[in-house]
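The next block holds one structure in the form of structure tokens; read it before the comments.
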Amino acid sequence: MRLATWNVNSLRARLERVEEWLVEVQPDVVCLQETKLADDAFPALAFQSLGYESAHFGQGQWNGVAILSKVGLTDVVANFAPGIDPDPDARVITATCGEVRVVCCYVPNGRALADPHYDYKLSWLDRLHQHLGLVSAPGDALVVTGDFNIAPTDADVYDPRKFAGATHVSEPERQRLAALIDWGLVDLFRLQHPDSERVYSWWDYRAGDFHQGRGLRIDLVLGTSAVADRLEWSVVDRNARKGKSPSDHAPVIVDLL
DNA sequence: ATGGTAGAGCATCTA
């Protein structure tokens, strides 16, 4: 089973590119973030014609997450599971695809450590942690994937000195990510490539950062051991970040046996 | 040290 995550930064602006990519890469399950669409504008028919069932949780202008699947799509939960303080934003959707529970998330950016949005980011991560216990369990086949807006370690940052005091690398958010790992998840890209350096999934549009190799690895695919045991390959698809009007993120792909 | 780009929607906000 081939599973991918991609922050498309507006599905309206990126649909043609996403369609071409689906045909080329042939993933079985795709998690999309930042669709920036309301549910009634989501192009479910375009994906259906390519063989995908889909579920979308959107709000319009900002955010918006979706799961596409060729291997079944059931037990959809939009937003955090009942019992958790609901998120006003459309940032998480959960479904079961081919016997794997899949959580697709768009973690808040945080903006700056002193910004209230950063506290929202930390509380959001705490609620994601609770969510996992309600929709799955560490002994199950579970994938938690998406744009985490956290670089797990300094090896995932092109120049850690430039990020001193910034979001994406701060200790409190890394601790929240570590708590998810401790709960029973593995960073599948890092499992496959423990020593790879300068592999990123996001580059700022500005100042030619992509072409200069100035990026962060913030798009993650986390899996329980039942999933990690099936890991065959993992890669960042940098080709999808090239050419005319790309997203600022590249897809991350994992192949499971 | 600052600002550089892109997408939302039409003045800025978000990233």
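The chains in the structure tokens are called A, B, ... from first to last as shown; in each chain the residues are counted from 1, and the ligands are counted from 1 in the order shown.
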Tell me the residues of chain B close to chain A, meaning within 8 Å using only C-alpha atoms (C1' of nucleotides), as a PyMOL selection string. chain B and resi 4-8+15
Kindly export the residues of the current selection with all heavy atoms, as a short mmCIF file (atom, residue, chain, number, x, y, z; two decimals), in the first residue's frame.
data_model
loop_
_atom_site.label_atom_id
_atom_site.label_comp_id
_atom_site.auth_asym_id
_atom_site.auth_seq_id
_atom_site.Cartn_x
_atom_site.Cartn_y
_atom_site.Cartn_z
P DG B 4 10.21 43.00 -0.22
OP1 DG B 4 10.28 44.19 -1.05
OP2 DG B 4 9.02 42.76 0.65
"O5'" DG B 4 10.39 41.74 -1.15
"C5'" DG B 4 11.58 41.56 -1.92
"C4'" DG B 4 12.03 40.12 -1.84
"O4'" DG B 4 12.47 39.84 -0.50
"C3'" DG B 4 10.91 39.10 -2.11
"O3'" DG B 4 10.89 38.78 -3.50
"C2'" DG B 4 11.35 37.89 -1.30
"C1'" DG B 4 12.11 38.52 -0.13
N9 DG B 4 11.33 38.60 1.10
C8 DG B 4 10.12 39.21 1.29
N7 DG B 4 9.68 39.14 2.51
C5 DG B 4 10.65 38.42 3.17
C6 DG B 4 10.73 38.01 4.53
O6 DG B 4 9.94 38.23 5.44
N1 DG B 4 11.90 37.30 4.78
C2 DG B 4 12.86 37.02 3.84
N2 DG B 4 13.92 36.32 4.26
N3 DG B 4 12.80 37.39 2.58
C4 DG B 4 11.68 38.08 2.31
P DT B 5 9.46 38.75 -4.24
OP1 DT B 5 9.80 38.66 -5.65
OP2 DT B 5 8.60 39.82 -3.69
"O5'" DT B 5 8.85 37.35 -3.77
"C5'" DT B 5 9.55 36.15 -4.03
"C4'" DT B 5 8.62 34.98 -3.86
"O4'" DT B 5 8.12 34.96 -2.51
"C3'" DT B 5 7.39 35.00 -4.76
"O3'" DT B 5 7.13 33.66 -5.16
"C2'" DT B 5 6.29 35.54 -3.86
"C1'" DT B 5 6.70 34.97 -2.51
N1 DT B 5 6.28 35.76 -1.32
C2 DT B 5 5.65 35.13 -0.29
O2 DT B 5 5.41 33.93 -0.30
N3 DT B 5 5.31 35.93 0.78
C4 DT B 5 5.53 37.30 0.89
O4 DT B 5 5.17 37.89 1.89
C5 DT B 5 6.20 37.90 -0.22
C7 DT B 5 6.49 39.36 -0.20
C6 DT B 5 6.53 37.13 -1.27
P DA B 6 6.15 33.37 -6.42
OP1 DA B 6 6.73 32.22 -7.14
OP2 DA B 6 5.90 34.65 -7.12
"O5'" DA B 6 4.79 32.91 -5.75
"C5'" DA B 6 4.76 31.68 -5.03
"C4'" DA B 6 3.51 31.63 -4.20
"O4'" DA B 6 3.57 32.61 -3.15
"C3'" DA B 6 2.20 31.93 -4.94
"O3'" DA B 6 1.48 30.71 -5.02
"C2'" DA B 6 1.49 32.98 -4.09
"C1'" DA B 6 2.25 32.89 -2.77
N9 DA B 6 2.25 34.11 -1.98
C8 DA B 6 2.74 35.35 -2.33
N7 DA B 6 2.62 36.25 -1.39
C5 DA B 6 2.01 35.57 -0.35
C6 DA B 6 1.61 35.96 0.95
N6 DA B 6 1.75 37.18 1.42
N1 DA B 6 1.04 35.01 1.73
C2 DA B 6 0.88 33.78 1.25
N3 DA B 6 1.22 33.30 0.06
C4 DA B 6 1.78 34.25 -0.70
P DG B 7 0.13 30.65 -5.91
OP1 DG B 7 0.04 29.29 -6.45
OP2 DG B 7 0.06 31.82 -6.79
"O5'" DG B 7 -1.02 30.82 -4.81
"C5'" DG B 7 -1.23 29.79 -3.87
"C4'" DG B 7 -2.33 30.22 -2.92
"O4'" DG B 7 -1.83 31.30 -2.09
"C3'" DG B 7 -3.58 30.77 -3.62
"O3'" DG B 7 -4.73 30.11 -3.13
"C2'" DG B 7 -3.60 32.24 -3.28
"C1'" DG B 7 -2.85 32.27 -1.96
N9 DG B 7 -2.26 33.57 -1.69
C8 DG B 7 -1.52 34.36 -2.54
N7 DG B 7 -1.15 35.48 -2.01
C5 DG B 7 -1.67 35.45 -0.72
C6 DG B 7 -1.60 36.39 0.33
O6 DG B 7 -1.04 37.49 0.32
N1 DG B 7 -2.28 35.95 1.46
C2 DG B 7 -2.93 34.75 1.57
N2 DG B 7 -3.52 34.49 2.73
N3 DG B 7 -3.01 33.86 0.59
C4 DG B 7 -2.36 34.27 -0.51
P DA B 8 -6.15 30.38 -3.83
OP1 DA B 8 -6.88 29.11 -3.85
OP2 DA B 8 -5.93 31.12 -5.08
"O5'" DA B 8 -6.87 31.36 -2.81
"C5'" DA B 8 -7.71 30.83 -1.79
"C4'" DA B 8 -7.88 31.85 -0.70
"O4'" DA B 8 -6.64 32.55 -0.53
"C3'" DA B 8 -8.91 32.94 -1.02
"O3'" DA B 8 -10.20 32.52 -0.64
"C2'" DA B 8 -8.43 34.08 -0.14
"C1'" DA B 8 -6.93 33.83 0.02
N9 DA B 8 -6.11 34.81 -0.68
C8 DA B 8 -5.58 34.75 -1.95
N7 DA B 8 -4.86 35.79 -2.27
C5 DA B 8 -4.92 36.59 -1.14
C6 DA B 8 -4.36 37.85 -0.84
N6 DA B 8 -3.59 38.54 -1.68
N1 DA B 8 -4.63 38.36 0.38
C2 DA B 8 -5.40 37.67 1.23
N3 DA B 8 -5.97 36.49 1.05
C4 DA B 8 -5.68 36.00 -0.17
P DA B 15 -1.63 30.50 9.83
OP1 DA B 15 -2.36 29.27 10.10
OP2 DA B 15 -1.08 31.30 10.93
"O5'" DA B 15 -0.44 30.21 8.81
"C5'" DA B 15 -0.70 29.45 7.63
"C4'" DA B 15 0.50 29.55 6.72
"O4'" DA B 15 0.68 30.91 6.26
"C3'" DA B 15 1.83 29.15 7.34
"O3'" DA B 15 2.35 28.01 6.71
"C2'" DA B 15 2.73 30.33 7.13
"C1'" DA B 15 2.06 31.04 5.99
N9 DA B 15 2.42 32.45 5.88
C8 DA B 15 2.33 33.42 6.83
N7 DA B 15 2.77 34.59 6.42
C5 DA B 15 3.18 34.35 5.11
C6 DA B 15 3.75 35.19 4.12
N6 DA B 15 4.01 36.47 4.30
N1 DA B 15 4.02 34.63 2.92
C2 DA B 15 3.76 33.33 2.74
N3 DA B 15 3.23 32.45 3.58
C4 DA B 15 2.96 33.03 4.76
#
For the interface of stretch 18-63 of chain A with stretch 124-148 of chain A (cut-off 9 Å, counting only C-alpha atoms), please tabulate each contacting residue of stretch 18-63 of chain A alongside its nearest pair of atoms and their separation in Å to one decimal, rows sorted by chain and increasing number, as JSON lines.
{"residue": "A:Cys31", "atom": "CA", "partner": "A:Gly146", "partner_atom": "CA", "distance": 6.8}
{"residue": "A:Leu32", "atom": "CA", "partner": "A:Gly146", "partner_atom": "CA", "distance": 7.4}
{"residue": "A:Gln33", "atom": "CA", "partner": "A:Gly146", "partner_atom": "CA", "distance": 6.9}
Coordinates-based distance that separates atom CA of A:Asp28 from atom CA of A:Ser69 (Å, one decimal):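 Pair atom CA of A:Ser69 / atom CA of A:Asp28 returns 5.6 Å.
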Can you pull out the residues contacting A:Pro43? Cut-off 12 Å, using only C-alpha atoms (C1' of nucleotides), and skip same-chain residues under 2 positions away; I want them as number ranges by chain. A: 11-12, 14-16, 18-19, 35, 37-41, 45-50, 52-56, 66, 68
Write the residues you've just listed into a file as a CSV table (one decimal), in the first residue's frame, and include C-alpha atoms for each of them.
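Written output follows (out_39.csv):
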chain,number,residue,atom,x,y,z
A,11,LEU,CA,-6.5,22.7,-3.9
A,12,ARG,CA,-8.2,25.2,-6.2
A,14,ARG,CA,-3.2,23.1,-7.5
A,15,LEU,CA,-5.9,20.7,-8.7
A,16,GLU,CA,-4.4,20.1,-12.2
A,18,VAL,CA,-2.4,17.1,-8.0
A,19,GLU,CA,-4.3,15.1,-10.6
A,35,THR,CA,-7.2,22.6,0.6
A,37,LEU,CA,-12.0,24.9,0.2
A,38,ALA,CA,-15.5,24.7,1.7
A,39,ASP,CA,-16.9,21.1,1.6
A,40,ASP,CA,-19.3,22.0,-1.3
A,41,ALA,CA,-16.4,23.2,-3.4
A,45,LEU,CA,-15.9,13.9,-8.8
A,46,ALA,CA,-12.4,14.7,-10.2
A,47,PHE,CA,-10.9,12.3,-7.7
A,48,GLN,CA,-13.6,9.7,-8.2
A,49,SER,CA,-12.8,9.7,-11.9
A,50,LEU,CA,-9.2,8.8,-11.0
A,52,TYR,CA,-10.5,7.6,-5.4
A,53,GLU,CA,-13.1,7.8,-2.7
A,54,SER,CA,-12.7,10.9,-0.7
A,55,ALA,CA,-13.6,12.7,2.5
A,56,HIS,CA,-13.0,16.4,3.1
A,66,ALA,CA,-8.9,15.6,3.0
A,68,LEU,CA,-8.4,10.1,-0.7
Provide the atom CA of A:Val76 to atom CA of A:Ala44 distance in Å, to one decimal place.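 So the two atoms, atom CA of A:Val76 and atom CA of A:Ala44, lie 15.3 Å apart.
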Looking only at the backbone, which of the residues in stretch 12-249 of chain A does DSSP tag as strand (DSSP E or B), as an NGL selection string? :A and (29-33 or 53-57 or 65-69 or 74-78 or 92-97 or 100-106 or 142-147 or 157 or 186-187 or 202-203 or 215-216 or 219-223 or 231-236 or 249)
As an NGL selection string, please: all residues of stretch 22-180 of chain A that backbone DSSP puts in alpha helix (DSSP H). :A and (22-25 or 44-48 or 116-135 or 171-180)
Provide the atom CA of A:Val252 to atom CA of A:Arg238 distance in Å, to one decimal place.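 Interatomic distance here is 8.8 Å.
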What's around A:Pro108 at 10 Å? Count only C-alpha atoms (C1' of nucleotides), leave out sequence neighbours fewer than 4 positions away in its own chain, and write the answer as number ranges by chain. A: 63, 89, 91, 117-125, 147-150
